$ cat coords.pdb   # PDB, C-alpha atoms
ATOM      1  CA  MET A   1     -18.603   0.094 -39.326
ATOM      2  CA  SER A   2     -15.519   1.125 -37.384
ATOM      3  CA  ILE A   3     -14.869   4.554 -35.957
ATOM      4  CA  GLU A   4     -11.318   5.796 -35.764
ATOM      5  CA  ILE A   5     -10.647   8.678 -33.409
ATOM      6  CA  LYS A   6      -7.552  10.746 -33.988
ATOM      7  CA  THR A   7      -6.106  13.661 -32.079
ATOM      8  CA  THR A   8      -4.350  16.548 -33.677
ATOM      9  CA  SER A   9      -2.128  18.962 -31.838
ATOM     10  CA  VAL A  10      -2.134  22.581 -32.913
ATOM     11  CA  GLU A  11       1.028  24.557 -32.414
ATOM     12  CA  PRO A  12       0.284  28.150 -31.413
ATOM     13  CA  ILE A  13       1.614  30.789 -33.750
ATOM     14  CA  ARG A  14       2.896  32.734 -30.760
ATOM     15  CA  HIS A  15       2.976  32.011 -27.042
ATOM     16  CA  THR A  16       2.588  35.431 -25.493
ATOM     17  CA  TYR A  17       2.137  39.109 -26.257
ATOM     18  CA  SER A  18       4.670  40.690 -28.570
ATOM     19  CA  HIS A  19       6.000  43.162 -25.985
ATOM     20  CA  ILE A  20       6.630  40.281 -23.565
ATOM     21  CA  ALA A  21       8.225  38.182 -26.308
ATOM     22  CA  ARG A  22      10.632  41.001 -27.148
ATOM     23  CA  ARG A  23      11.883  40.985 -23.566
ATOM     24  CA  PHE A  24      11.735  37.306 -22.560
ATOM     25  CA  GLY A  25      11.449  35.452 -25.852
ATOM     26  CA  ASP A  26       8.442  33.827 -27.494
ATOM     27  CA  LYS A  27       7.552  31.383 -24.743
ATOM     28  CA  PRO A  28       4.683  31.086 -22.263
ATOM     29  CA  ALA A  29       4.927  33.963 -19.813
ATOM     30  CA  THR A  30       3.966  34.098 -16.166
ATOM     31  CA  ARG A  31       0.980  36.162 -15.151
ATOM     32  CA  TYR A  32       3.315  38.505 -13.319
ATOM     33  CA  GLN A  33       5.295  39.118 -16.498
ATOM     34  CA  GLU A  34       2.196  39.741 -18.582
ATOM     35  CA  ALA A  35       0.724  42.115 -16.002
ATOM     36  CA  SER A  36       3.909  43.998 -15.150
ATOM     37  CA  TYR A  37       6.338  44.568 -18.011
ATOM     38  CA  ASP A  38       6.478  47.327 -20.635
ATOM     39  CA  LEU A  39       2.923  48.512 -20.116
ATOM     40  CA  GLU A  40       3.493  52.258 -19.839
ATOM     41  CA  ALA A  41       3.344  54.455 -22.931
ATOM     42  CA  LYS A  42       6.714  55.713 -24.185
ATOM     43  CA  THR A  43       6.059  57.431 -27.508
ATOM     44  CA  ASN A  44       3.528  59.577 -29.378
ATOM     45  CA  PHE A  45       2.544  61.813 -26.475
ATOM     46  CA  HIS A  46       0.232  64.658 -27.478
ATOM     47  CA  TYR A  47       1.071  67.010 -24.629
ATOM     48  CA  ARG A  48       3.311  67.536 -21.648
ATOM     49  CA  PRO A  49       1.738  67.164 -18.196
ATOM     50  CA  GLN A  50       0.074  70.487 -17.454
ATOM     51  CA  TRP A  51       0.922  70.109 -13.755
ATOM     52  CA  ASP A  52       4.667  69.844 -14.529
ATOM     53  CA  SER A  53       5.573  70.762 -18.082
ATOM     54  CA  ARG A  54       9.294  70.214 -17.466
ATOM     55  CA  TYR A  55       8.798  66.533 -18.154
ATOM     56  CA  GLU A  56       7.073  64.176 -20.537
ATOM     57  CA  LEU A  57       4.648  61.574 -19.293
ATOM     58  CA  ASN A  58       6.548  58.557 -17.915
ATOM     59  CA  ASP A  59       9.787  60.555 -17.907
ATOM     60  CA  ASP A  60      12.812  58.884 -16.304
ATOM     61  CA  ARG A  61      14.297  62.311 -15.518
ATOM     62  CA  ARG A  62      11.990  62.644 -12.513
ATOM     63  CA  THR A  63      14.756  61.056 -10.452
ATOM     64  CA  ALA A  64      18.493  61.656 -10.438
ATOM     65  CA  ILE A  65      19.050  57.896 -10.229
ATOM     66  CA  ARG A  66      20.030  56.444 -13.602
ATOM     67  CA  MET A  67      19.172  52.932 -14.724
ATOM     68  CA  GLU A  68      19.777  51.406 -18.135
ATOM     69  CA  ASP A  69      16.488  49.548 -17.704
ATOM     70  CA  TRP A  70      14.185  50.318 -14.783
ATOM     71  CA  TYR A  71      12.604  46.885 -15.233
ATOM     72  CA  ALA A  72      15.728  45.515 -13.556
ATOM     73  CA  VAL A  73      13.770  46.477 -10.437
ATOM     74  CA  SER A  74      11.082  43.845 -10.036
ATOM     75  CA  ASP A  75       9.007  42.361  -7.241
ATOM     76  CA  PRO A  76      10.388  39.098  -5.788
ATOM     77  CA  ARG A  77       6.883  38.421  -4.430
ATOM     78  CA  GLN A  78       5.613  38.381  -8.034
ATOM     79  CA  PHE A  79       2.646  40.568  -7.064
ATOM     80  CA  TYR A  80       0.329  41.659  -9.819
ATOM     81  CA  TYR A  81      -3.157  42.875  -8.909
ATOM     82  CA  GLY A  82      -4.820  39.467  -8.590
ATOM     83  CA  ALA A  83      -1.993  37.946  -6.536
ATOM     84  CA  TYR A  84      -1.780  41.031  -4.320
ATOM     85  CA  VAL A  85      -5.513  41.102  -3.573
ATOM     86  CA  GLY A  86      -5.594  37.391  -2.801
ATOM     87  CA  ASN A  87      -2.650  37.645  -0.428
ATOM     88  CA  ARG A  88      -4.024  40.662   1.410
ATOM     89  CA  ALA A  89      -7.453  39.070   1.757
ATOM     90  CA  LYS A  90      -5.882  36.253   3.770
ATOM     91  CA  MET A  91      -3.912  38.683   5.935
ATOM     92  CA  GLN A  92      -7.010  40.797   6.522
ATOM     93  CA  GLU A  93      -9.054  37.750   7.494
ATOM     94  CA  ALA A  94      -6.518  36.913  10.196
ATOM     95  CA  ALA A  95      -6.462  40.529  11.401
ATOM     96  CA  GLU A  96     -10.265  40.693  11.556
ATOM     97  CA  THR A  97     -10.310  37.540  13.676
ATOM     98  CA  SER A  98      -7.941  39.161  16.166
ATOM     99  CA  PHE A  99      -9.876  42.425  16.278
ATOM    100  CA  GLY A 100     -13.149  40.550  16.675
ATOM    101  CA  PHE A 101     -11.737  38.477  19.537
ATOM    102  CA  CYS A 102     -10.486  41.567  21.424
ATOM    103  CA  ASP A 103     -13.640  43.562  20.771
ATOM    104  CA  LYS A 104     -16.016  40.800  21.823
ATOM    105  CA  ARG A 105     -14.217  40.338  25.141
ATOM    106  CA  ASN A 106     -13.556  44.068  25.747
ATOM    107  CA  LEU A 107      -9.883  43.344  26.263
ATOM    108  CA  LEU A 108      -8.714  46.922  25.719
ATOM    109  CA  THR A 109     -11.334  48.541  27.951
ATOM    110  CA  ARG A 110     -10.207  46.231  30.763
ATOM    111  CA  LEU A 111      -6.733  47.754  30.664
ATOM    112  CA  PRO A 112      -5.782  50.278  33.343
ATOM    113  CA  GLU A 113      -6.637  53.839  32.379
ATOM    114  CA  GLU A 114      -2.959  54.814  32.375
ATOM    115  CA  THR A 115      -2.155  52.050  29.882
ATOM    116  CA  GLN A 116      -5.029  53.162  27.643
ATOM    117  CA  LYS A 117      -3.609  56.696  27.743
ATOM    118  CA  GLN A 118      -0.214  55.360  26.735
ATOM    119  CA  LEU A 119      -1.735  53.575  23.745
ATOM    120  CA  LEU A 120      -3.500  56.737  22.646
ATOM    121  CA  ARG A 121      -0.404  58.865  23.099
ATOM    122  CA  LEU A 122       2.375  56.559  21.883
ATOM    123  CA  LEU A 123       0.797  54.205  19.346
ATOM    124  CA  VAL A 124      -2.412  55.511  17.778
ATOM    125  CA  PRO A 125      -0.918  58.822  16.478
ATOM    126  CA  LEU A 126       1.149  56.716  14.096
ATOM    127  CA  ARG A 127      -1.976  56.561  11.938
ATOM    128  CA  HIS A 128      -1.033  60.064  10.769
ATOM    129  CA  VAL A 129       2.431  58.807   9.820
ATOM    130  CA  GLU A 130       0.777  56.011   7.864
ATOM    131  CA  LEU A 131      -1.373  58.505   5.966
ATOM    132  CA  GLY A 132       1.792  60.363   5.017
ATOM    133  CA  ALA A 133       3.288  57.070   3.817
ATOM    134  CA  ASN A 134       0.142  56.449   1.772
ATOM    135  CA  MET A 135       0.472  59.833   0.075
ATOM    136  CA  ASN A 136       4.204  59.430  -0.527
ATOM    137  CA  ASN A 137       3.911  55.995  -2.089
ATOM    138  CA  SER A 138       1.028  57.191  -4.250
ATOM    139  CA  LYS A 139       3.244  59.997  -5.571
ATOM    140  CA  ILE A 140       6.079  57.558  -6.256
ATOM    141  CA  ALA A 141       3.731  55.252  -8.169
ATOM    142  CA  GLY A 142       2.686  58.183 -10.328
ATOM    143  CA  ASP A 143       6.224  59.399 -11.059
ATOM    144  CA  ALA A 144       8.071  56.087 -11.491
ATOM    145  CA  VAL A 145       8.670  54.795 -15.008
ATOM    146  CA  ALA A 146       8.558  50.989 -15.010
ATOM    147  CA  THR A 147       5.279  49.275 -14.186
ATOM    148  CA  THR A 148       7.122  46.833 -11.922
ATOM    149  CA  VAL A 149       8.239  49.787  -9.805
ATOM    150  CA  SER A 150       4.940  51.665  -9.878
ATOM    151  CA  GLN A 151       2.805  48.740  -8.804
ATOM    152  CA  MET A 152       5.018  47.859  -5.833
ATOM    153  CA  HIS A 153       4.542  51.386  -4.540
ATOM    154  CA  ILE A 154       0.804  51.687  -5.193
ATOM    155  CA  TYR A 155       0.225  48.375  -3.403
ATOM    156  CA  THR A 156       2.299  49.706  -0.504
ATOM    157  CA  ALA A 157       0.249  52.914  -0.522
ATOM    158  CA  MET A 158      -2.931  50.885  -0.073
ATOM    159  CA  ASP A 159      -1.298  48.802   2.653
ATOM    160  CA  ARG A 160      -0.348  51.932   4.573
ATOM    161  CA  LEU A 161      -3.903  53.216   4.392
ATOM    162  CA  GLY A 162      -5.078  49.909   5.844
ATOM    163  CA  ILE A 163      -2.496  50.026   8.645
ATOM    164  CA  GLY A 164      -3.651  53.533   9.524
ATOM    165  CA  GLN A 165      -7.212  52.252   9.730
ATOM    166  CA  TYR A 166      -6.187  49.394  12.039
ATOM    167  CA  LEU A 167      -4.521  51.911  14.360
ATOM    168  CA  SER A 168      -7.688  54.012  14.327
ATOM    169  CA  ARG A 169      -9.733  50.958  15.260
ATOM    170  CA  ILE A 170      -7.588  50.458  18.364
ATOM    171  CA  ALA A 171      -8.715  53.895  19.538
ATOM    172  CA  LEU A 172     -12.341  53.104  18.706
ATOM    173  CA  MET A 173     -12.152  49.893  20.714
ATOM    174  CA  ILE A 174     -10.906  51.860  23.708
ATOM    175  CA  ASP A 175     -13.691  54.467  23.652
ATOM    176  CA  GLY A 176     -16.565  52.247  22.513
ATOM    177  CA  SER A 177     -16.600  53.742  18.998
ATOM    178  CA  THR A 178     -17.556  57.218  20.194
ATOM    179  CA  GLY A 179     -14.600  58.876  18.466
ATOM    180  CA  LYS A 180     -13.376  60.598  21.633
ATOM    181  CA  ALA A 181     -10.186  58.548  21.730
ATOM    182  CA  LEU A 182      -9.425  59.471  18.128
ATOM    183  CA  ASP A 183      -9.824  63.146  18.989
ATOM    184  CA  GLU A 184      -7.551  62.724  21.999
ATOM    185  CA  SER A 185      -4.957  60.929  19.904
ATOM    186  CA  LYS A 186      -5.093  63.632  17.243
ATOM    187  CA  GLY A 187      -4.533  66.199  19.972
ATOM    188  CA  TYR A 188      -1.289  64.447  20.882
ATOM    189  CA  TRP A 189      -0.222  64.464  17.231
ATOM    190  CA  MET A 190      -0.982  68.157  16.822
ATOM    191  CA  ASP A 191       0.184  69.576  20.165
ATOM    192  CA  ASP A 192       2.329  67.117  22.137
ATOM    193  CA  GLU A 193       6.025  68.048  21.908
ATOM    194  CA  LEU A 194       6.807  64.348  21.670
ATOM    195  CA  TRP A 195       5.299  64.175  18.149
ATOM    196  CA  GLN A 196       6.407  67.467  16.621
ATOM    197  CA  PRO A 197       9.742  66.193  15.185
ATOM    198  CA  MET A 198       7.846  63.372  13.478
ATOM    199  CA  ARG A 199       5.191  65.776  12.201
ATOM    200  CA  LYS A 200       7.925  67.918  10.676
ATOM    201  CA  LEU A 201       9.589  64.918   9.050
ATOM    202  CA  VAL A 202       6.317  63.672   7.541
ATOM    203  CA  GLU A 203       5.522  67.128   6.187
ATOM    204  CA  ASP A 204       9.051  67.499   4.791
ATOM    205  CA  THR A 205       8.770  64.200   2.920
ATOM    206  CA  LEU A 206       5.518  65.309   1.300
ATOM    207  CA  VAL A 207       7.423  67.889  -0.758
ATOM    208  CA  VAL A 208      10.396  65.738  -1.821
ATOM    209  CA  ASP A 209      10.514  66.040  -5.606
ATOM    210  CA  ASP A 210      12.800  63.150  -6.572
ATOM    211  CA  TRP A 211      10.699  60.014  -6.350
ATOM    212  CA  PHE A 212      13.577  57.626  -5.645
ATOM    213  CA  GLU A 213      14.889  59.857  -2.891
ATOM    214  CA  LEU A 214      11.377  59.727  -1.458
ATOM    215  CA  THR A 215      11.153  55.927  -1.539
ATOM    216  CA  LEU A 216      14.557  55.725   0.144
ATOM    217  CA  VAL A 217      13.450  58.064   2.932
ATOM    218  CA  GLN A 218       9.997  56.552   3.425
ATOM    219  CA  ASN A 219      10.331  52.861   2.689
ATOM    220  CA  ILE A 220      13.948  52.199   3.694
ATOM    221  CA  LEU A 221      15.110  54.698   6.312
ATOM    222  CA  LEU A 222      12.028  55.797   8.247
ATOM    223  CA  ASP A 223      10.252  52.444   8.068
ATOM    224  CA  GLY A 224      13.507  50.624   8.831
ATOM    225  CA  LEU A 225      13.774  52.462  12.129
ATOM    226  CA  MET A 226      10.107  52.921  12.971
ATOM    227  CA  TYR A 227       8.756  49.423  12.433
ATOM    228  CA  THR A 228      11.537  47.810  14.436
ATOM    229  CA  LEU A 229      11.134  50.336  17.246
ATOM    230  CA  ILE A 230       7.331  50.334  17.417
ATOM    231  CA  TYR A 231       6.191  46.840  16.530
ATOM    232  CA  ASP A 232       9.111  44.963  18.046
ATOM    233  CA  LYS A 233      10.635  46.968  20.899
ATOM    234  CA  MET A 234       7.574  48.962  21.969
ATOM    235  CA  ASP A 235       5.283  45.973  21.542
ATOM    236  CA  ALA A 236       7.363  44.120  24.140
ATOM    237  CA  TRP A 237       7.257  47.220  26.354
ATOM    238  CA  PHE A 238       3.443  47.364  26.177
ATOM    239  CA  GLU A 239       3.379  43.677  27.078
ATOM    240  CA  SER A 240       5.370  44.486  30.205
ATOM    241  CA  GLN A 241       2.706  47.119  31.020
ATOM    242  CA  GLY A 242       0.025  44.426  30.960
ATOM    243  CA  ALA A 243      -1.172  45.244  27.432
ATOM    244  CA  GLU A 244      -0.114  41.973  25.824
ATOM    245  CA  ASP A 245      -3.452  41.772  23.989
ATOM    246  CA  VAL A 246      -2.347  44.696  21.805
ATOM    247  CA  SER A 247       0.114  42.331  20.106
ATOM    248  CA  MET A 248      -2.811  40.588  18.431
ATOM    249  CA  LEU A 249      -3.939  43.903  16.966
ATOM    250  CA  THR A 250      -0.518  44.782  15.548
ATOM    251  CA  GLU A 251       0.397  41.368  14.151
ATOM    252  CA  PHE A 252      -0.628  42.551  10.672
ATOM    253  CA  MET A 253       2.015  45.292  10.860
ATOM    254  CA  ARG A 254       4.795  42.875  11.784
ATOM    255  CA  ASP A 255       3.842  40.401   9.059
ATOM    256  CA  TRP A 256       3.504  43.208   6.529
ATOM    257  CA  TYR A 257       6.899  44.733   7.304
ATOM    258  CA  LYS A 258       8.670  41.379   7.141
ATOM    259  CA  GLU A 259       7.170  40.832   3.703
ATOM    260  CA  SER A 260       7.887  44.380   2.502
ATOM    261  CA  LEU A 261      11.597  43.891   3.189
ATOM    262  CA  ARG A 262      11.689  41.541   0.214
ATOM    263  CA  TRP A 263      10.800  44.142  -2.402
ATOM    264  CA  THR A 264      12.593  47.091  -0.785
ATOM    265  CA  ASN A 265      15.797  45.056  -0.517
ATOM    266  CA  ALA A 266      15.477  43.905  -4.125
ATOM    267  CA  MET A 267      14.926  47.496  -5.256
ATOM    268  CA  ILE A 268      17.881  49.017  -3.406
ATOM    269  CA  LYS A 269      20.124  46.126  -4.459
ATOM    270  CA  ALA A 270      19.348  46.643  -8.147
ATOM    271  CA  VAL A 271      19.764  50.411  -8.013
ATOM    272  CA  SER A 272      22.933  50.502  -5.910
ATOM    273  CA  GLY A 273      24.458  47.736  -7.994
ATOM    274  CA  GLU A 274      23.817  49.578 -11.262
ATOM    275  CA  SER A 275      26.633  52.117 -10.899
ATOM    276  CA  GLU A 276      29.006  53.837  -8.525
ATOM    277  CA  ALA A 277      27.234  57.121  -9.265
ATOM    278  CA  ASN A 278      23.969  55.651  -7.974
ATOM    279  CA  ARG A 279      25.638  54.443  -4.775
ATOM    280  CA  GLU A 280      27.206  57.847  -4.162
ATOM    281  CA  LEU A 281      23.861  59.587  -4.586
ATOM    282  CA  LEU A 282      22.097  57.089  -2.345
ATOM    283  CA  GLN A 283      24.748  57.633   0.313
ATOM    284  CA  GLN A 284      24.272  61.419   0.128
ATOM    285  CA  TRP A 285      20.542  60.974   0.684
ATOM    286  CA  ILE A 286      21.142  58.559   3.573
ATOM    287  CA  ASP A 287      23.555  61.009   5.205
ATOM    288  CA  ASN A 288      20.895  63.728   4.974
ATOM    289  CA  TRP A 289      17.735  61.861   5.932
ATOM    290  CA  GLU A 290      18.699  59.066   8.310
ATOM    291  CA  PRO A 291      19.666  61.435  11.159
ATOM    292  CA  GLN A 292      16.335  63.212  10.694
ATOM    293  CA  ALA A 293      14.421  59.922  10.934
ATOM    294  CA  TYR A 294      16.382  59.007  14.060
ATOM    295  CA  SER A 295      15.708  62.406  15.650
ATOM    296  CA  ALA A 296      11.996  62.169  14.834
ATOM    297  CA  LEU A 297      11.718  58.842  16.663
ATOM    298  CA  LYS A 298      13.986  59.744  19.567
ATOM    299  CA  PRO A 299      11.313  61.435  21.757
ATOM    300  CA  LEU A 300       9.004  58.455  21.222
ATOM    301  CA  ALA A 301      11.730  56.051  22.293
ATOM    302  CA  GLU A 302      12.647  58.137  25.321
ATOM    303  CA  ALA A 303       9.011  58.199  26.455
ATOM    304  CA  SER A 304       8.685  54.420  26.284
ATOM    305  CA  VAL A 305      11.340  51.806  25.585
ATOM    306  CA  GLY A 306      14.442  53.960  26.025
ATOM    307  CA  ILE A 307      16.946  55.325  23.549
ATOM    308  CA  GLU A 308      18.887  52.054  23.573
ATOM    309  CA  ALA A 309      16.034  50.379  21.702
ATOM    310  CA  LEU A 310      16.211  52.999  18.961
ATOM    311  CA  ASP A 311      19.973  52.518  18.749
ATOM    312  CA  GLU A 312      19.378  48.796  18.286
ATOM    313  CA  ALA A 313      16.931  49.549  15.462
ATOM    314  CA  ARG A 314      19.532  51.814  13.893
ATOM    315  CA  ALA A 315      22.161  49.067  14.141
ATOM    316  CA  GLU A 316      19.800  46.683  12.312
ATOM    317  CA  LEU A 317      19.277  49.271   9.587
ATOM    318  CA  SER A 318      23.031  49.768   9.332
ATOM    319  CA  THR A 319      23.590  46.042   8.852
ATOM    320  CA  ARG A 320      20.948  46.010   6.151
ATOM    321  CA  LEU A 321      22.457  48.967   4.278
ATOM    322  CA  LYS A 322      25.954  47.463   4.349
ATOM    323  CA  LYS A 323      24.714  44.574   2.224
ATOM    324  CA  PHE A 324      24.231  47.061  -0.605
ATOM    325  CA  GLY A 325      27.489  48.967  -0.209
ATOM    326  CA  LEU A 326      25.841  51.753   1.809
ATOM    327  CA  GLN A 327      26.433  52.982   5.342
ATOM    328  CA  SER A 328      24.504  54.446   8.218
ATOM    329  CA  ARG A 329      26.650  57.328   9.472
ATOM    330  CA  GLY A 330      25.056  57.057  12.892
ATOM    331  CA  VAL A 331      26.642  53.636  13.532
ATOM    332  CA  SER A 332      30.382  53.171  13.335
ATOM    333  CA  ALA A 333      31.597  50.782  10.679
TER     334      ALA A 333
END

$ encode --input "coords.pdb" --output "structure tokens"
Amino acid sequence: MSIEIKTTSVEPIRHTYSHIARRFGDKPATRYQEASYDLEAKTNFHYRPQWDSRYELNDDRRTAIRMEDWYAVSDPRQFYYGAYVGNRAKMQEAAETSFGFCDKRNLLTRLPEETQKQLLRLLVPLRHVELGANMNNSKIAGDAVATTVSQMHIYTAMDRLGIGQYLSRIALMIDGSTGKALDESKGYWMDDELWQPMRKLVEDTLVVDDWFELTLVQNILLDGLMYTLIYDKMDAWFESQGAEDVSMLTEFMRDWYKESLRWTNAMIKAVSGESEANRELLQQWIDNWEPQAYSALKPLAEASVGIEALDEARAELSTRLKKFGLQSRGVSA
């Protein structure tokens, strides 16, 4: 008796979900596409939001920016939840190694007392700025329409919470986890004249209604100046003060900001390239907010690296904005 084995191939009736097929065609989709596109409800709402009855749920009128399709704004990192969590787990593992190394060898407590004071006054209060960024990006994620836009901002909100926690841990390493250094740092944030312009700016951003104006202020303008000033210029300044070990504890911030430039640049490129009206509105917002961000950081720069370092950060931001047809009014063309 002979046995004949045959194989039969079965053609799938469809290759992906219908809402993905309508956008990209009936072909195998990436996980990012399946987890990111056309997920929000658009029709058959039973009520308006009770907290803001001017709008429907998922209403594109929550920003003055107009896009034919908000899904033109997508994440070049291709982050959906699984990819995001996996990436951040690796970054956190590296950060924990650095914190463990410094903590085990008491590297921060060996620093001169004056240098420890400088860390608590000039660096650790930024954890309050990060909490503001967490709240702002959470609001944006709730108000934005396209899932691709919302998830980029909610992931950023979680990142900012983590960065704030890393800054808090620097204070705890200095005081042996008693909490006294955190209290001292909070005192600087609340009462030191150096921080009051930044406090005002953070509080002003918390009440910005237009979500795209808010992402421009928070994720483009303020971060564009602050991260270059703090984690590049000031990091080198702390190294010159003998606090080179702090660089290990802020490496996460530098890596994170370098990566975040990818999605913020993609977002502003898509929006500014959509229409002249969008570019004009973006420029109005830049003209209003960029000088405020500069002024908020100016006392911090003057107390550490010097105003020239902040001007260099502003020049970098200006170069970045020019790529999208926008201009920093603080730097001559």

$ closest_residue --input "coords.pdb" --among "A:Leu326, A:Leu57, A:Leu182, A:Ala296" --to "A:Gln196" --atoms "only C-alpha atoms"
A:Ala296

$ resolve_selection --input "coords.pdb" --expression "the PyMOL selection byres ((chain A and resi 59) around 9)" --output "PyMOL selection string"
chain A and resi 42+55-58+60-63+143-145

$ atom_distance --input "coords.pdb" --atom1 "atom CA of A:Thr97" --atom2 "atom CA of A:Gln165"
15.5 Å

$ closest_atom_pairs --input "coords.pdb" --of "stretch 38-121 of chain A" --to "stretch 246-255 of chain A" --cutoff "9 Å" --atoms "all atoms listed in the file" --output "JSON lines"
{"residue": "A:Met91", "atom": "CA", "partner": "A:Phe252", "partner_atom": "CA", "distance": 6.9}
{"residue": "A:Gln92", "atom": "CA", "partner": "A:Phe252", "partner_atom": "CA", "distance": 7.8}
{"residue": "A:Ala94", "atom": "CA", "partner": "A:Phe252", "partner_atom": "CA", "distance": 8.2}
{"residue": "A:Ala95", "atom": "CA", "partner": "A:Phe252", "partner_atom": "CA", "distance": 6.2}
{"residue": "A:Glu96", "atom": "CA", "partner": "A:Leu249", "partner_atom": "CA", "distance": 8.9}
{"residue": "A:Ser98", "atom": "CA", "partner": "A:Met248", "partner_atom": "CA", "distance": 5.8}
{"residue": "A:Phe99", "atom": "CA", "partner": "A:Leu249", "partner_atom": "CA", "distance": 6.2}
{"residue": "A:Cys102", "atom": "CA", "partner": "A:Leu249", "partner_atom": "CA", "distance": 8.3}
{"residue": "A:Leu107", "atom": "CA", "partner": "A:Val246", "partner_atom": "CA", "distance": 8.9}
{"residue": "A:Leu108", "atom": "CA", "partner": "A:Val246", "partner_atom": "CA", "distance": 7.8}

$ atom_distance --input "coords.pdb" --atom1 "atom CA of A:Tyr188" --atom2 "atom CA of A:Ala236"
22.3 Å

$ resolve_selection --input "coords.pdb" --expression "the PyMOL selection byres ((chain A and resi 233) around 10)" --output "JSON list (two decimals) with C-alpha atoms, in the frame of the given file"
[["chain", "number", "residue", "atom", "x", "y", "z"],
["A", 226, "MET", "CA", 10.11, 52.92, 12.97],
["A", 227, "TYR", "CA", 8.76, 49.42, 12.43],
["A", 228, "THR", "CA", 11.54, 47.81, 14.44],
["A", 229, "LEU", "CA", 11.13, 50.34, 17.25],
["A", 230, "ILE", "CA", 7.33, 50.33, 17.42],
["A", 231, "TYR", "CA", 6.19, 46.84, 16.53],
["A", 232, "ASP", "CA", 9.11, 44.96, 18.05],
["A", 234, "MET", "CA", 7.57, 48.96, 21.97],
["A", 235, "ASP", "CA", 5.28, 45.97, 21.54],
["A", 236, "ALA", "CA", 7.36, 44.12, 24.14],
["A", 237, "TRP", "CA", 7.26, 47.22, 26.35],
["A", 238, "PHE", "CA", 3.44, 47.36, 26.18],
["A", 301, "ALA", "CA", 11.73, 56.05, 22.29],
["A", 304, "SER", "CA", 8.68, 54.42, 26.28],
["A", 305, "VAL", "CA", 11.34, 51.81, 25.58],
["A", 306, "GLY", "CA", 14.44, 53.96, 26.02],
["A", 309, "ALA", "CA", 16.03, 50.38, 21.70],
["A", 310, "LEU", "CA", 16.21, 53.00, 18.96],
["A", 312, "GLU", "CA", 19.38, 48.80, 18.29],
["A", 313, "ALA", "CA", 16.93, 49.55, 15.46]]

$ resolve_selection --input "coords.pdb" --expression "the PyMOL selection byres ((chain A and resi 147) around 10)" --output "PyMOL selection string"
chain A and resi 35-40+70-71+73-74+141+144-146+148-153

$ residues_around --input "coords.pdb" --residues "A:Trp195" --least-positions-apart "4" --cutoff "8 Å" --atoms "all atoms listed in the file" --output "PyMOL selection string"
chain A and resi 188-191+199+296+299-300

$ write_last_selection --input "coords.pdb" --atoms "C-alpha atoms" --output "compact mmCIF listing (two decimals), in the coordinates of the input"
# COMPACT_ATOMS: atom_id res chain seq x y z
CA TYR A 188 -1.29 64.45 20.88
CA TRP A 189 -0.22 64.46 17.23
CA MET A 190 -0.98 68.16 16.82
CA ASP A 191 0.18 69.58 20.16
CA ARG A 199 5.19 65.78 12.20
CA ALA A 296 12.00 62.17 14.83
CA PRO A 299 11.31 61.44 21.76
CA LEU A 300 9.00 58.46 21.22

$ residues_near_point --input "coords.pdb" --point "(0.2, 56.9, 21.0)" --cutoff "10 Å" --atoms "only C-alpha atoms" --output "list in words"
Gln116, Lys117, Gln118, Leu119, Leu120, Arg121, Leu122, Leu123, Val124, Pro125, Leu126, Arg127, Leu167, Ala171, Glu184, Ser185, Lys186, Tyr188, Trp189, Leu194, Trp195 and Leu300 of chain A

$ write_last_selection --input "coords.pdb" --atoms "C-alpha atoms" --output "mmCIF file, in the coordinates of the input"
data_model
loop_
_atom_site.group_PDB
_atom_site.id
_atom_site.type_symbol
_atom_site.label_atom_id
_atom_site.label_comp_id
_atom_site.auth_asym_id
_atom_site.auth_seq_id
_atom_site.Cartn_x
_atom_site.Cartn_y
_atom_site.Cartn_z
ATOM 1 C CA GLN A 116 -5.029 53.162 27.643
ATOM 2 C CA LYS A 117 -3.609 56.696 27.743
ATOM 3 C CA GLN A 118 -0.214 55.360 26.735
ATOM 4 C CA LEU A 119 -1.735 53.575 23.745
ATOM 5 C CA LEU A 120 -3.500 56.737 22.646
ATOM 6 C CA ARG A 121 -0.404 58.865 23.099
ATOM 7 C CA LEU A 122 2.375 56.559 21.883
ATOM 8 C CA LEU A 123 0.797 54.205 19.346
ATOM 9 C CA VAL A 124 -2.412 55.511 17.778
ATOM 10 C CA PRO A 125 -0.918 58.822 16.478
ATOM 11 C CA LEU A 126 1.149 56.716 14.096
ATOM 12 C CA ARG A 127 -1.976 56.561 11.938
ATOM 13 C CA LEU A 167 -4.521 51.911 14.360
ATOM 14 C CA ALA A 171 -8.715 53.895 19.538
ATOM 15 C CA GLU A 184 -7.551 62.724 21.999
ATOM 16 C CA SER A 185 -4.957 60.929 19.904
ATOM 17 C CA LYS A 186 -5.093 63.632 17.243
ATOM 18 C CA TYR A 188 -1.289 64.447 20.882
ATOM 19 C CA TRP A 189 -0.222 64.464 17.231
ATOM 20 C CA LEU A 194 6.807 64.348 21.670
ATOM 21 C CA TRP A 195 5.299 64.175 18.149
ATOM 22 C CA LEU A 300 9.004 58.455 21.222
#

$ closest_residue --input "coords.pdb" --among "A:Ile220, A:Ala243, A:Ile268, A:Ile286" --to "A:Glu113" --atoms "all atoms listed in the file"
A:Ala243

$ residues_around --input "coords.pdb" --residues "stretch 207-218 of chain A" --least-positions-apart "5" --cutoff "8 Å" --atoms "all atoms listed in the file" --output "PyMOL selection string"
chain A and resi 62-65+133+136-137+139-140+143-144+223+282+285-286+289-290

$ decode --input "coords.pdb" --residues "stretch 143-149 of chain A" --atoms "C-alpha atoms" --output "mmCIF file, in the first residue's frame"
data_model
loop_
_atom_site.group_PDB
_atom_site.id
_atom_site.type_symbol
_atom_site.label_atom_id
_atom_site.label_comp_id
_atom_site.auth_asym_id
_atom_site.auth_seq_id
_atom_site.Cartn_x
_atom_site.Cartn_y
_atom_site.Cartn_z
ATOM 1 C CA ASP A 143 -8.428 65.834 22.964
ATOM 2 C CA ALA A 144 -6.639 64.698 19.789
ATOM 3 C CA VAL A 145 -8.659 62.926 17.110
ATOM 4 C CA ALA A 146 -6.475 60.345 15.358
ATOM 5 C CA THR A 147 -5.218 57.382 17.359
ATOM 6 C CA THR A 148 -1.756 57.821 15.840
ATOM 7 C CA VAL A 149 -1.618 61.287 17.398
#
